[in-house]
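Participant: I'd like to ask some things about the structure below.
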Number of protein chains: 2
Amino acid sequence: MKNYIKYDPWKIIEEGFNPDYNKISESICSLGNGKFGQRANFEESFSGKTLQGNYVSGVYYPDKTRVGWWKNGYPEYFAKMLNAPSWIGIKTTVQGEDLDLNKCEIQDFSRVLDMKKGVLERRFTAKTQSGKIFQVVATRFLSVLRDEIGAIKYTIIPKNFSAEAEILCDVDADIKNEDSNYDEKFWIEILKTSDDNNTFVTAETKKTQFQVCTAVKMELSNFSKVENILKEKYAAKKYTVQFTENEEFTVYKYAAVTSTMYYSKEKISSKTLQVLEKAYNDGFEKLLDEQIKTWDEKWKESDIIIEGDVAAQQGIRFNIFQLNQTYTGRDERLNIGPKGFTGEKYGGTTYWDTEAYCLPFYLATADKKVAHSLLVYRWKHLKKAIENAEKLGFTGGAALYPMVTINGEECHNEWEITFEEIHRNAAIANAVKIYVDYTGEKKYLADYGLEVLISISRFWAQRVNWSEDKQKYVMLGVTGPNEYENNVNNNWYTSFSAVQNMKYTIKAIDFVKNNYPEDFLRIKNVCNFDEKETEKWNEIIANMYLGFDEKRQIFVQNDGFLDKELIPVSKLAASERPINQHWSWDRILRSCYIKQADVLQGIYFFEEEFDTQTIKRNFEFYEQFTVHESSLSSCIHNILAARVGLYDKAYQFYLNASRLDLDDYNNDTCDGCHITSMGGTWMTIVQGFGGMRIKDGLPSFNPIIPKQWQKYAFKIRHQDNLFLIEVTQSGTKIQKLEGPDAKVLINGVLTEIK
Amino acid sequence: MKNYIKYDPWKIIEEGFNPDYNKISESICSLGNGKFGQRANFEESFSGKTLQGNYVSGVYYPDKTRVGWWKNGYPEYFAKMLNAPSWIGIKTTVQGEDLDLNKCEIQDFSRVLDMKKGVLERRFTAKTQSGKIFQVVATRFLSVLRDEIGAIKYTIIPKNFSAEAEILCDVDADIKNEDSNYDEKFWIEILKTSDDNNTFVTAETKKTQFQVCTAVKMELSNFSKVENILKEKYAAKKYTVQFTENEEFTVYKYAAVTSTMYYSKEKISSKTLQVLEKAYNDGFEKLLDEQIKTWDEKWKESDIIIEGDVAAQQGIRFNIFQLNQTYTGRDERLNIGPKGFTGEKYGGTTYWDTEAYCLPFYLATADKKVAHSLLVYRWKHLKKAIENAEKLGFTGGAALYPMVTINGEECHNEWEITFEEIHRNAAIANAVKIYVDYTGEKKYLADYGLEVLISISRFWAQRVNWSEDKQKYVMLGVTGPNEYENNVNNNWYTSFSAVQNMKYTIKAIDFVKNNYPEDFLRIKNVCNFDEKETEKWNEIIANMYLGFDEKRQIFVQNDGFLDKELIPVSKLAASERPINQHWSWDRILRSCYIKQADVLQGIYFFEEEFDTQTIKRNFEFYEQFTVHESSLSSCIHNILAARVGLYDKAYQFYLNASRLDLDDYNNDTCDGCHITSMGGTWMTIVQGFGGMRIKDGLPSFNPIIPKQWQKYAFKIRHQDNLFLIEVTQSGTKIQKLEGPDAKVLINGVLTEIK
């Protein structure tokens, strides 16, 4: 755990430059606007450690799968977030010497991400090897309102010299992914120009043939000469300028980044130049002003205030900020990548994380079409999910959604995950229920949801088999959320979820049949669905094997779990942790240690099925063996700890969740932030401390407050209402900020909010 | 299954050229002499489908491991059999046109491997595009007596033309492995020459720095000019010759292939030239004569005669021939690669196959130092096996031998195999018992065996854990011989073998302590062994969990096996088989289908522990679910079928085993032959039909004979005796060919053989 980010309620502040932390800061201070994103790389040349990253939503490349040993069923290709052409370069050279922080003596340095405004500011004073001192302020943002525009204001003060200088402002499409499987470059050049009017490169991805146009336009204090430079996949303008000692020299760089996700190939370049021209004409200050206002609106909806604990305050805002940067719900083809726009690691953009950890945030803090987009994304992939299941031997319209995907096709290739971590289907089906329960929009079932539910229930019905020995249906060869066990039998979470999915599907069928008979006929037809299929489902529901330990009165995570040596995590030496960095894989697998909530994840999802004592017994049993080496674990433990009255634990889990990246708990923030787990962090406040649930269509709150806090407050959109919930040590106050009079439950008491 | 190899008792005959079968024939007709080997590639240029392969024993390269997702504990490098510099090239060009069978009209073609002589002969008549007709006879062998020498006699008759021609005889070290992980070339040039006296290339492997010197010397009917050609990693002589219509033109090419396994880097080139010079001076006919005599001696010891079934006869001889080509036991650093000298597929050369399937062949058909070499190989790797176990978290001198190795380091990287298929340890420990029982050399325990046994027993003692639930020791997270289940708990085979290993170790400790007390002190010291360790072992022996199904009265392959849908293989559609080519991996894992003998392998190994009814019940239960998609399965099923009186089944399993490569049952002979399973084929005759066991130190036979055969006969070396066992439909005759008077058991009756 590193601790170099300064505490501040609204800002992420790095002071002083530590080259070893540069990649971490680049991740943390990433900017995005739902359409494209940029790591906090430097504008100037930099020969030190860096992970250059600019990403354009929805633009991917099918990299050829790399494996040691092929298994039947693996996908041949692997959709990857692409590192897209770079637009940020502002490279200064004086008398042949580049300004490169890696070669300078850095006299002061700060990198500040202002989350309130959505602006990144970097300041430094640096002395080059020849002794020239540069003072630089670089201010950058990606417009959230004009989501194809980025803008940089780059001010240089030559502190101890006057000289002619060259400033190179470029677009560089000759870039690659660091995680490319075979070291390929994925972009080819389509069109480029640098002339008096325009500087841009339009590049195309191999195979997928997405085009991205990256155009830039500059405004400089003065210049004596400008040279247009064109190289392969590269366009730039080199300005010759005069630096005067102690006088500010400013470069504005405007960029438009667009893709054929939104424009035809014929028009992309011209459209991009139009968009850019408009931004350029409006100017930096106007764009910045818009940016501040837009973020202000966002914060009005989604901010969470914590008083009396600045680390906690900074943590939660950072999580909310990144979630809002990553996904806006404007485009149903997009989703929330595990690293968002902060890194390229992992293929695909869509994991079960979206449904299990991100959906509640977007449901409660944004217009309902945002959550709707997330759900429709999966509906659109249904056909591919059915094909995926067919590839593995399933038939009759059973669907297995991919573990990792961008375009609906599977992007992962570890057999124990790709083929066996099938519980993702459960989260996707359950998301339909969560959405309908929350929004009250039951018509969604008829429009989209039921097709998905039927296809998933069909999968479960084929995935189980009758055990003559147990006289029960069993589910063999499964990996649960706890990836520290692989290929187990009867993972309680997966089997229980499957039962819940099938039950809900049967209910949804009845509902649609009775209320939207025409839709029902259409669905029957589309899915080739025979109502008799539910007989088998009911039989499985009634006879599913669900491990239960009579002695301990707990659900059994999977067959064989209780054969393990059950030694609590507290007995592990600190030097052995995290175990995934210290132990061999087989030792981990044989151990009792749980990577992330598994049985407890099921109890969280289907909480209403269990009484408090059951929840508590299971929590206490499993918590002692959980190492939380997934970013998706602490939030669930927080919520259940709060639920069963273990408040100190709940607070501890909150801290772990909310500052995961800021404090680099897992030593991997350099690769990018853990975006999807940030939805989980939001849940710790709202569902954990706030105790919010939906009960019979009404928002229900059972707030508690950590003793370390004076107050916390969050807002919730629920149907037509916007509520403000404020919790202090002395009580809870709920106000309605928008919408009609409403009823809510507070500590179980039905309360009218006017 | 292909069926293009003609039946013949002594020869492997391919008639007519089918380009699609070329790689298969190249594998089947491979030559080797224990020191180096050569696939049956063509001497001339060939632009068609081919897998070029020449391999030098013990010379490997640590290729960088390729995985999709790294797991802690994987080896970073991967020792691979190298494709070594090529020495066979004799390339003819007439008027600018290469003789290349891929570009010719082939008028006749045959490739004949004479197993009796160890000689490959290829004949063809081919018309080039310009209409020139060549008749060629190429005769080649790798001297078994002079195991660094290869020789080719290459005779050309120009059938319809006279012309000047060029004949290029080369050494080509600019080659690569087709299975290289990152497409690297592994050889660098050290020294090369082509002059009046010598033509050779000495090349070195990167990283491992083995040097191989490949020198050639030619003898031609006549030539008008010779040109020496040197290129990078390449040396050749180009002869200008005169072809006269219908007159034989003969080239003799002699090669010496040596490595720094046997010579210093300073001397390798000069030594190689000496060895070559001698062979050249002795000439082709003398070398050939030696070859025939040497093979004659080998066949005298190891031949098996089957009368009345030429397919069966050809099959068993092919297996014996390849085993003898692959391993001679002269060098304790070598072992029996899964493809021998017939292909490059798979890393490493040593699998548990050696101990489980090959050891009996070498014990019974060769001088006992051959089997001794195989065992000492593992003893030499003990330190690395202990390091390997430490890497996985084991301590105190516990050893886990690698799944696949050349130099003692692990060469495999599938976690479910590398970390979990730990039963390889059992075979290695049990090989000590087999060796001692067979040879009667109990001193071996004191010299080598006990150290290995103690280290393996220590591993088992740590690999189990006490299950509070079962009140037994359990072994979690294991993959048994049946690789169609992964990461299971309590694999009966592994757990039972572990118990047997520990029991034998305790016995061996007592024996060495009482009989070789000084050795015992040395071993205690070397192993840091405390006799109290056996207390724990005894406790585990007494309390190991071994799955047993009361209802069916069978051993349970592993936990959960009986939860599967138990549908016999006979109900599977032919179109679904082999399932590993038709089913996804997860479907295979969840199915009840068994890749190769698993419980039955254990019953085979420890047969004396079980009564016939137990063997039969388990055989009948498991056999119905076994798909035999490993080459190592049929032999065990043959032996147990014979044991319990299921003679028709035993015959069927024999055919599957013995003609696996000749008939290309598994569609993969193109990659090389299944060398290690050939030991299993030998076992089907001797242990299966012959019913041979060692009982209280005496050879014991319970022969049966398939009704399809008139007679079969095999020889067995046992201690100082060489026995000939002849079995006909009317009875068994055992003769002593060498050694003192002896006692054997025939059908349980103690019989004196004089």
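In the structure tokens, the first chain shown is A, the next is B, and so on; residue numbers restart at 1 for each chain, and ligands run from 1 in the order shown.
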I want to know what sits within 10 Å of Glu307 of chain A, based on only C-alpha atoms, with residues of the same chain fewer than 3 positions away left out; could you give that as a VMD selection string?
Facilitator: chain A and resid 9 304 310 312 to 313 708 to 713 728
Participant: Write the residues you've just listed into a file as a PDB file, in the first residue's frame, and include N, CA and C atoms for each of them.
Facilitator:
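For reference, part-v3.pdb as written:
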```pdb
ATOM      1  N   PRO A   9     -10.844  16.731  -0.133  1.00  0.00           N
ATOM      2  CA  PRO A   9     -12.198  16.254  -0.404  1.00  0.00           C
ATOM      3  C   PRO A   9     -12.546  16.185  -1.888  1.00  0.00           C
ATOM      4  N   ILE A 304     -21.683  11.964  -3.061  1.00  0.00           N
ATOM      5  CA  ILE A 304     -21.886  11.473  -1.698  1.00  0.00           C
ATOM      6  C   ILE A 304     -20.985  12.304  -0.804  1.00  0.00           C
ATOM      7  N   VAL A 310     -11.787  12.812   5.807  1.00  0.00           N
ATOM      8  CA  VAL A 310     -11.438  13.278   4.465  1.00  0.00           C
ATOM      9  C   VAL A 310     -10.942  12.144   3.563  1.00  0.00           C
ATOM     10  N   ALA A 312     -12.041   9.111   3.576  1.00  0.00           N
ATOM     11  CA  ALA A 312     -13.261   8.440   3.125  1.00  0.00           C
ATOM     12  C   ALA A 312     -13.980   9.283   2.076  1.00  0.00           C
ATOM     13  N   GLN A 313     -14.015  10.585   2.316  1.00  0.00           N
ATOM     14  CA  GLN A 313     -14.662  11.511   1.372  1.00  0.00           C
ATOM     15  C   GLN A 313     -13.960  11.479   0.009  1.00  0.00           C
ATOM     16  N   GLN A 708     -16.667   7.017  13.203  1.00  0.00           N
ATOM     17  CA  GLN A 708     -15.645   7.960  12.756  1.00  0.00           C
ATOM     18  C   GLN A 708     -16.243   9.153  12.004  1.00  0.00           C
ATOM     19  N   TRP A 709     -17.462   9.055  11.578  1.00  0.00           N
ATOM     20  CA  TRP A 709     -18.058  10.083  10.723  1.00  0.00           C
ATOM     21  C   TRP A 709     -19.032  10.957  11.491  1.00  0.00           C
ATOM     22  N   GLN A 710     -19.068  12.249  11.089  1.00  0.00           N
ATOM     23  CA  GLN A 710     -20.110  13.109  11.659  1.00  0.00           C
ATOM     24  C   GLN A 710     -21.402  12.957  10.865  1.00  0.00           C
ATOM     25  N   LYS A 711     -21.209  12.821   9.583  1.00  0.00           N
ATOM     26  CA  LYS A 711     -22.397  12.809   8.735  1.00  0.00           C
ATOM     27  C   LYS A 711     -22.052  12.188   7.397  1.00  0.00           C
ATOM     28  N   TYR A 712     -23.016  11.556   6.779  1.00  0.00           N
ATOM     29  CA  TYR A 712     -22.870  11.266   5.348  1.00  0.00           C
ATOM     30  C   TYR A 712     -24.220  11.500   4.684  1.00  0.00           C
ATOM     31  N   ALA A 713     -24.119  11.816   3.385  1.00  0.00           N
ATOM     32  CA  ALA A 713     -25.351  12.128   2.658  1.00  0.00           C
ATOM     33  C   ALA A 713     -25.227  11.632   1.237  1.00  0.00           C
ATOM     34  N   THR A 728     -26.745  11.340  10.281  1.00  0.00           N
ATOM     35  CA  THR A 728     -25.792  11.847  11.269  1.00  0.00           C
ATOM     36  C   THR A 728     -25.806  10.889  12.448  1.00  0.00           C
TER      37      THR A 728
END
```
Participant: Show me, as a ChimeraX atom specification, the residues of chain B whose atoms get within 8 Å of chain A, using only C-alpha atoms for the distance check.
Facilitator: /B:65-69,71-73,391-393,413-415,419-420,465-470,474,476-477,486-489,560,562-565,580-581,583-587,589-590
Participant: Write a file of the selected residues as a compact mmCIF listing (two decimals), in the first residue's frame, keeping N, CA and C atoms.
Facilitator:
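This went into out_32.txt:
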```txt
# COMPACT_ATOMS: atom_id res chain seq x y z
N THR B 65 8.32 -20.01 -22.09
CA THR B 65 6.97 -20.54 -21.93
C THR B 65 5.94 -19.59 -22.52
N ARG B 66 4.97 -20.15 -23.19
CA ARG B 66 3.88 -19.34 -23.70
C ARG B 66 2.60 -19.74 -22.97
N VAL B 67 1.95 -18.78 -22.40
CA VAL B 67 0.67 -19.06 -21.75
C VAL B 67 -0.28 -17.91 -22.09
N GLY B 68 -1.55 -18.16 -21.85
CA GLY B 68 -2.51 -17.08 -21.97
C GLY B 68 -2.48 -16.27 -20.69
N TRP B 69 -2.51 -16.97 -19.56
CA TRP B 69 -2.59 -16.33 -18.25
C TRP B 69 -1.62 -17.05 -17.34
N LYS B 71 0.21 -18.48 -14.11
CA LYS B 71 -0.11 -18.94 -12.75
C LYS B 71 1.19 -19.09 -11.98
N ASN B 72 1.18 -18.67 -10.76
CA ASN B 72 2.38 -18.83 -9.94
C ASN B 72 2.80 -20.29 -9.89
N GLY B 73 4.07 -20.51 -10.13
CA GLY B 73 4.57 -21.87 -10.07
C GLY B 73 4.93 -22.42 -11.44
N LYS B 391 9.21 -24.86 -4.72
CA LYS B 391 8.58 -23.79 -5.50
C LYS B 391 7.07 -23.79 -5.30
N LEU B 392 6.52 -24.96 -5.08
CA LEU B 392 5.07 -25.06 -4.88
C LEU B 392 4.68 -24.95 -3.41
N GLY B 393 5.66 -24.79 -2.53
CA GLY B 393 5.33 -24.55 -1.13
C GLY B 393 5.60 -25.73 -0.21
N ASN B 413 3.12 -26.54 -18.53
CA ASN B 413 2.45 -25.41 -17.92
C ASN B 413 0.94 -25.39 -18.12
N GLU B 414 0.30 -26.47 -17.72
CA GLU B 414 -1.13 -26.42 -17.50
C GLU B 414 -1.28 -26.71 -16.01
N TRP B 415 -1.87 -25.79 -15.28
CA TRP B 415 -1.85 -25.95 -13.82
C TRP B 415 -2.42 -27.27 -13.38
N PHE B 419 0.82 -28.94 -11.69
CA PHE B 419 0.76 -28.90 -10.23
C PHE B 419 -0.03 -30.07 -9.64
N GLU B 420 -0.87 -30.66 -10.43
CA GLU B 420 -1.86 -31.58 -9.85
C GLU B 420 -1.74 -33.02 -10.29
N ASN B 465 -4.19 -33.78 3.71
CA ASN B 465 -4.51 -33.04 4.93
C ASN B 465 -5.63 -33.77 5.67
N TRP B 466 -5.71 -33.50 6.94
CA TRP B 466 -6.72 -34.15 7.76
C TRP B 466 -8.06 -33.46 7.54
N SER B 467 -9.05 -34.24 7.21
CA SER B 467 -10.39 -33.68 7.06
C SER B 467 -11.16 -33.93 8.36
N GLU B 468 -11.50 -32.85 9.02
CA GLU B 468 -12.32 -32.98 10.24
C GLU B 468 -13.65 -33.64 9.90
N ASP B 469 -14.15 -33.27 8.74
CA ASP B 469 -15.45 -33.78 8.34
C ASP B 469 -15.44 -35.29 8.11
N LYS B 470 -14.42 -35.76 7.40
CA LYS B 470 -14.36 -37.18 7.05
C LYS B 470 -13.65 -37.99 8.12
N VAL B 474 -7.26 -36.70 3.50
CA VAL B 474 -7.77 -36.54 2.14
C VAL B 474 -6.66 -35.96 1.26
N LEU B 476 -6.56 -33.43 -1.77
CA LEU B 476 -7.41 -32.50 -2.53
C LEU B 476 -6.67 -31.98 -3.76
N GLY B 477 -7.44 -31.59 -4.75
CA GLY B 477 -6.86 -30.88 -5.90
C GLY B 477 -5.86 -31.70 -6.68
N ASN B 486 -10.20 -33.00 -13.98
CA ASN B 486 -9.10 -32.17 -13.49
C ASN B 486 -9.42 -31.65 -12.11
N ASN B 487 -8.38 -31.53 -11.31
CA ASN B 487 -8.54 -30.88 -10.01
C ASN B 487 -9.64 -31.52 -9.20
N VAL B 488 -9.55 -32.83 -9.05
CA VAL B 488 -10.56 -33.54 -8.26
C VAL B 488 -10.01 -33.81 -6.85
N ASN B 489 -10.91 -34.21 -5.99
CA ASN B 489 -10.50 -34.59 -4.64
C ASN B 489 -10.48 -36.10 -4.54
N GLY B 560 -17.26 -37.38 -6.33
CA GLY B 560 -18.17 -36.81 -7.31
C GLY B 560 -18.32 -37.63 -8.58
N LEU B 562 -19.50 -40.49 -9.08
CA LEU B 562 -20.78 -41.19 -9.16
C LEU B 562 -21.97 -40.23 -9.23
N ASP B 563 -21.68 -38.92 -9.16
CA ASP B 563 -22.75 -37.94 -9.41
C ASP B 563 -22.97 -37.71 -10.90
N LYS B 564 -22.09 -38.24 -11.71
CA LYS B 564 -22.19 -37.99 -13.15
C LYS B 564 -23.28 -38.82 -13.80
N GLU B 565 -23.65 -38.42 -14.98
CA GLU B 565 -24.55 -39.24 -15.78
C GLU B 565 -23.75 -40.39 -16.35
N ASN B 580 -12.39 -35.89 -27.67
CA ASN B 580 -11.48 -34.74 -27.57
C ASN B 580 -11.38 -33.96 -28.88
N GLN B 581 -11.90 -34.52 -29.96
CA GLN B 581 -11.93 -33.75 -31.21
C GLN B 581 -13.32 -33.19 -31.50
N TRP B 583 -15.89 -32.55 -28.71
CA TRP B 583 -16.56 -31.90 -27.58
C TRP B 583 -15.71 -30.78 -27.01
N SER B 584 -16.41 -29.80 -26.43
CA SER B 584 -15.69 -28.75 -25.71
C SER B 584 -15.08 -29.37 -24.45
N TRP B 585 -14.07 -28.70 -23.97
CA TRP B 585 -13.34 -29.23 -22.83
C TRP B 585 -14.24 -29.39 -21.61
N ASP B 586 -15.13 -28.44 -21.37
CA ASP B 586 -15.95 -28.55 -20.17
C ASP B 586 -16.94 -29.70 -20.27
N ARG B 587 -17.38 -29.98 -21.49
CA ARG B 587 -18.31 -31.09 -21.65
C ARG B 587 -17.59 -32.41 -21.35
N LEU B 589 -15.03 -32.72 -19.36
CA LEU B 589 -14.76 -32.79 -17.91
C LEU B 589 -15.99 -33.24 -17.14
N ARG B 590 -17.15 -32.77 -17.57
CA ARG B 590 -18.35 -33.12 -16.82
C ARG B 590 -18.88 -34.50 -17.15
```
Participant: Name all residues at most 8 Å from Arg123 of chain A (count only C-alpha atoms; drop same-chain ones fewer than 5 positions away) and give them as number ranges by chain.
Facilitator: A: 108-111, 135-138
Participant: I want to know what sits within 7 Å of segment 162-177 of chain B, based on only C-alpha atoms, with residues of the same chain fewer than 5 positions away left out; could you give that as a ChimeraX atom specification?
Facilitator: /B:82-83,85-87,89-95,185-186,200-201,203,214,233-245
Participant: Can you work out the spacing between atom CA of Pro75 of chain A and atom CA of Val59 of chain A in Å, to one decimal?
Facilitator: 19.0 Å
Participant: Pick out each residue of segment 458-682 of chain A that DSSP on the backbone tags as helix (DSSP H, G or I); I need them as a ChimeraX atom specification.
Facilitator: /A:458-463,492-515,517-527,533-543,561-563,569-571,574-576,579-582,585-590,599-605,607-609,612-623,634-643,647-658,669-671,675-682
Participant: Can you tell me which residues surround Ala311 of chain A at a distance of at most 10 Å, considering only C-alpha atoms, apart from same-chain residues fewer than 4 positions away, and format the answer as a PyMOL selection string?
Facilitator: chain A and resi 6-9+306+315-316+655+658-659+662
Participant: Okay, now the selection with N, CA and C atoms, as a PDB file, in the first residue's frame?
Facilitator:
```pdb
ATOM      1  N   LYS A   6      -2.228  12.987  -1.684  1.00  0.00           N
ATOM      2  CA  LYS A   6      -2.643  13.825  -0.543  1.00  0.00           C
ATOM      3  C   LYS A   6      -4.151  13.793  -0.356  1.00  0.00           C
ATOM      4  N   TYR A   7      -4.564  13.823   0.919  1.00  0.00           N
ATOM      5  CA  TYR A   7      -5.998  13.838   1.194  1.00  0.00           C
ATOM      6  C   TYR A   7      -6.579  15.206   0.843  1.00  0.00           C
ATOM      7  N   ASP A   8      -7.718  15.178   0.211  1.00  0.00           N
ATOM      8  CA  ASP A   8      -8.437  16.400  -0.142  1.00  0.00           C
ATOM      9  C   ASP A   8      -9.851  15.959  -0.503  1.00  0.00           C
ATOM     10  N   PRO A   9     -10.844  16.731  -0.133  1.00  0.00           N
ATOM     11  CA  PRO A   9     -12.198  16.254  -0.404  1.00  0.00           C
ATOM     12  C   PRO A   9     -12.546  16.185  -1.888  1.00  0.00           C
ATOM     13  N   ILE A 306     -19.269  12.893   2.844  1.00  0.00           N
ATOM     14  CA  ILE A 306     -18.907  12.272   4.123  1.00  0.00           C
ATOM     15  C   ILE A 306     -18.216  13.350   4.941  1.00  0.00           C
ATOM     16  N   GLY A 315     -12.079   9.169  -1.147  1.00  0.00           N
ATOM     17  CA  GLY A 315     -12.239   7.832  -1.726  1.00  0.00           C
ATOM     18  C   GLY A 315     -13.555   7.685  -2.477  1.00  0.00           C
ATOM     19  N   ILE A 316     -14.644   8.047  -1.821  1.00  0.00           N
ATOM     20  CA  ILE A 316     -15.935   7.816  -2.481  1.00  0.00           C
ATOM     21  C   ILE A 316     -16.089   8.712  -3.703  1.00  0.00           C
ATOM     22  N   LEU A 655     -13.355   1.188   3.865  1.00  0.00           N
ATOM     23  CA  LEU A 655     -12.060   1.810   3.559  1.00  0.00           C
ATOM     24  C   LEU A 655     -11.308   1.010   2.499  1.00  0.00           C
ATOM     25  N   SER A 658     -12.999   1.697  -0.928  1.00  0.00           N
ATOM     26  CA  SER A 658     -13.046   3.023  -1.547  1.00  0.00           C
ATOM     27  C   SER A 658     -11.674   3.570  -1.910  1.00  0.00           C
ATOM     28  N   ARG A 659     -10.629   3.120  -1.233  1.00  0.00           N
ATOM     29  CA  ARG A 659      -9.302   3.667  -1.527  1.00  0.00           C
ATOM     30  C   ARG A 659      -8.384   2.640  -2.208  1.00  0.00           C
ATOM     31  N   LEU A 662      -6.445   4.474  -4.972  1.00  0.00           N
ATOM     32  CA  LEU A 662      -5.702   5.631  -4.453  1.00  0.00           C
ATOM     33  C   LEU A 662      -4.515   5.159  -3.612  1.00  0.00           C
TER      34      LEU A 662
END
```
Participant: Set the distance at 10 Å and use only C-alpha atoms: which residues neighbour Gln500 of chain B once local chain neighbours fewer than 3 positions away are removed? I'd like the list as JSON, numbers by chain.
Facilitator: {"B": [426, 429, 430, 457, 494, 495, 496, 497, 503, 504, 505, 506, 541, 605, 606, 609]}
Participant: Atoms to include: C-alpha atoms. Write the selected residues as a PDB file, in the first residue's frame.
Facilitator:
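After the write, out_0.pdb holds the following:
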```pdb
ATOM      1  CA  ALA B 426       3.948 -42.688  -7.472  1.00  0.00           C
ATOM      2  CA  ALA B 429       8.654 -44.576  -6.465  1.00  0.00           C
ATOM      3  CA  ASN B 430       7.014 -47.748  -7.636  1.00  0.00           C
ATOM      4  CA  SER B 457       6.939 -40.212   0.865  1.00  0.00           C
ATOM      5  CA  THR B 494      -3.217 -41.302  -6.513  1.00  0.00           C
ATOM      6  CA  SER B 495      -4.216 -41.806  -2.879  1.00  0.00           C
ATOM      7  CA  PHE B 496      -3.868 -45.573  -3.021  1.00  0.00           C
ATOM      8  CA  SER B 497      -0.495 -45.279  -4.756  1.00  0.00           C
ATOM      9  CA  LYS B 503       4.482 -48.612   2.943  1.00  0.00           C
ATOM     10  CA  TYR B 504       7.289 -49.601   0.625  1.00  0.00           C
ATOM     11  CA  THR B 505       9.474 -46.747   1.809  1.00  0.00           C
ATOM     12  CA  ILE B 506       9.089 -47.887   5.406  1.00  0.00           C
ATOM     13  CA  ILE B 541      -1.351 -45.233   5.771  1.00  0.00           C
ATOM     14  CA  PHE B 605       0.254 -51.610 -10.472  1.00  0.00           C
ATOM     15  CA  PHE B 606      -0.740 -53.173  -7.175  1.00  0.00           C
ATOM     16  CA  GLU B 609      -3.500 -56.353  -3.231  1.00  0.00           C
TER      17      GLU B 609
END
```
Participant: Any idea what's packed within 7 Å of segment 698-704 of chain A, counting only C-alpha atoms, ignoring anything in its chain fewer than 4 positions away? Could you give it as an mmCIF file with N, CA and C atoms, in the first residue's frame?
Facilitator:
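After the write, out22.cif holds the following:
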```
data_model
loop_
_atom_site.group_PDB
_atom_site.id
_atom_site.type_symbol
_atom_site.label_atom_id
_atom_site.label_comp_id
_atom_site.auth_asym_id
_atom_site.auth_seq_id
_atom_site.Cartn_x
_atom_site.Cartn_y
_atom_site.Cartn_z
ATOM 1 N N PHE A 689 -24.021 1.181 4.603
ATOM 2 C CA PHE A 689 -24.359 2.063 5.724
ATOM 3 C C PHE A 689 -25.802 2.559 5.625
ATOM 4 N N GLY A 690 -26.220 2.930 4.415
ATOM 5 C CA GLY A 690 -27.581 3.444 4.245
ATOM 6 C C GLY A 690 -28.643 2.361 4.354
ATOM 7 N N GLY A 691 -28.211 1.128 4.191
ATOM 8 C CA GLY A 691 -29.155 0.016 4.306
ATOM 9 C C GLY A 691 -30.287 0.088 3.293
ATOM 10 N N MET A 692 -30.008 0.676 2.170
ATOM 11 C CA MET A 692 -31.082 0.829 1.199
ATOM 12 C C MET A 692 -31.395 -0.484 0.468
ATOM 13 N N ARG A 693 -32.660 -0.783 0.390
ATOM 14 C CA ARG A 693 -33.149 -1.887 -0.432
ATOM 15 C C ARG A 693 -34.422 -1.409 -1.119
ATOM 16 N N ILE A 694 -34.867 -2.181 -2.095
ATOM 17 C CA ILE A 694 -36.213 -1.943 -2.627
ATOM 18 C C ILE A 694 -37.114 -3.017 -2.022
ATOM 19 N N LYS A 743 -43.626 7.509 -0.795
ATOM 20 C CA LYS A 743 -43.506 6.723 0.431
ATOM 21 C C LYS A 743 -42.164 6.006 0.440
ATOM 22 N N VAL A 744 -41.550 5.996 1.586
ATOM 23 C CA VAL A 744 -40.334 5.186 1.751
ATOM 24 C C VAL A 744 -40.428 4.470 3.098
ATOM 25 N N LEU A 745 -39.583 3.482 3.254
ATOM 26 C CA LEU A 745 -39.494 2.810 4.558
ATOM 27 C C LEU A 745 -38.222 3.291 5.242
ATOM 28 N N ILE A 746 -38.355 3.746 6.480
ATOM 29 C CA ILE A 746 -37.159 4.100 7.245
ATOM 30 C C ILE A 746 -37.142 3.204 8.478
ATOM 31 N N ASN A 747 -36.109 2.416 8.570
ATOM 32 C CA ASN A 747 -36.029 1.425 9.643
ATOM 33 C C ASN A 747 -37.329 0.633 9.750
#
```
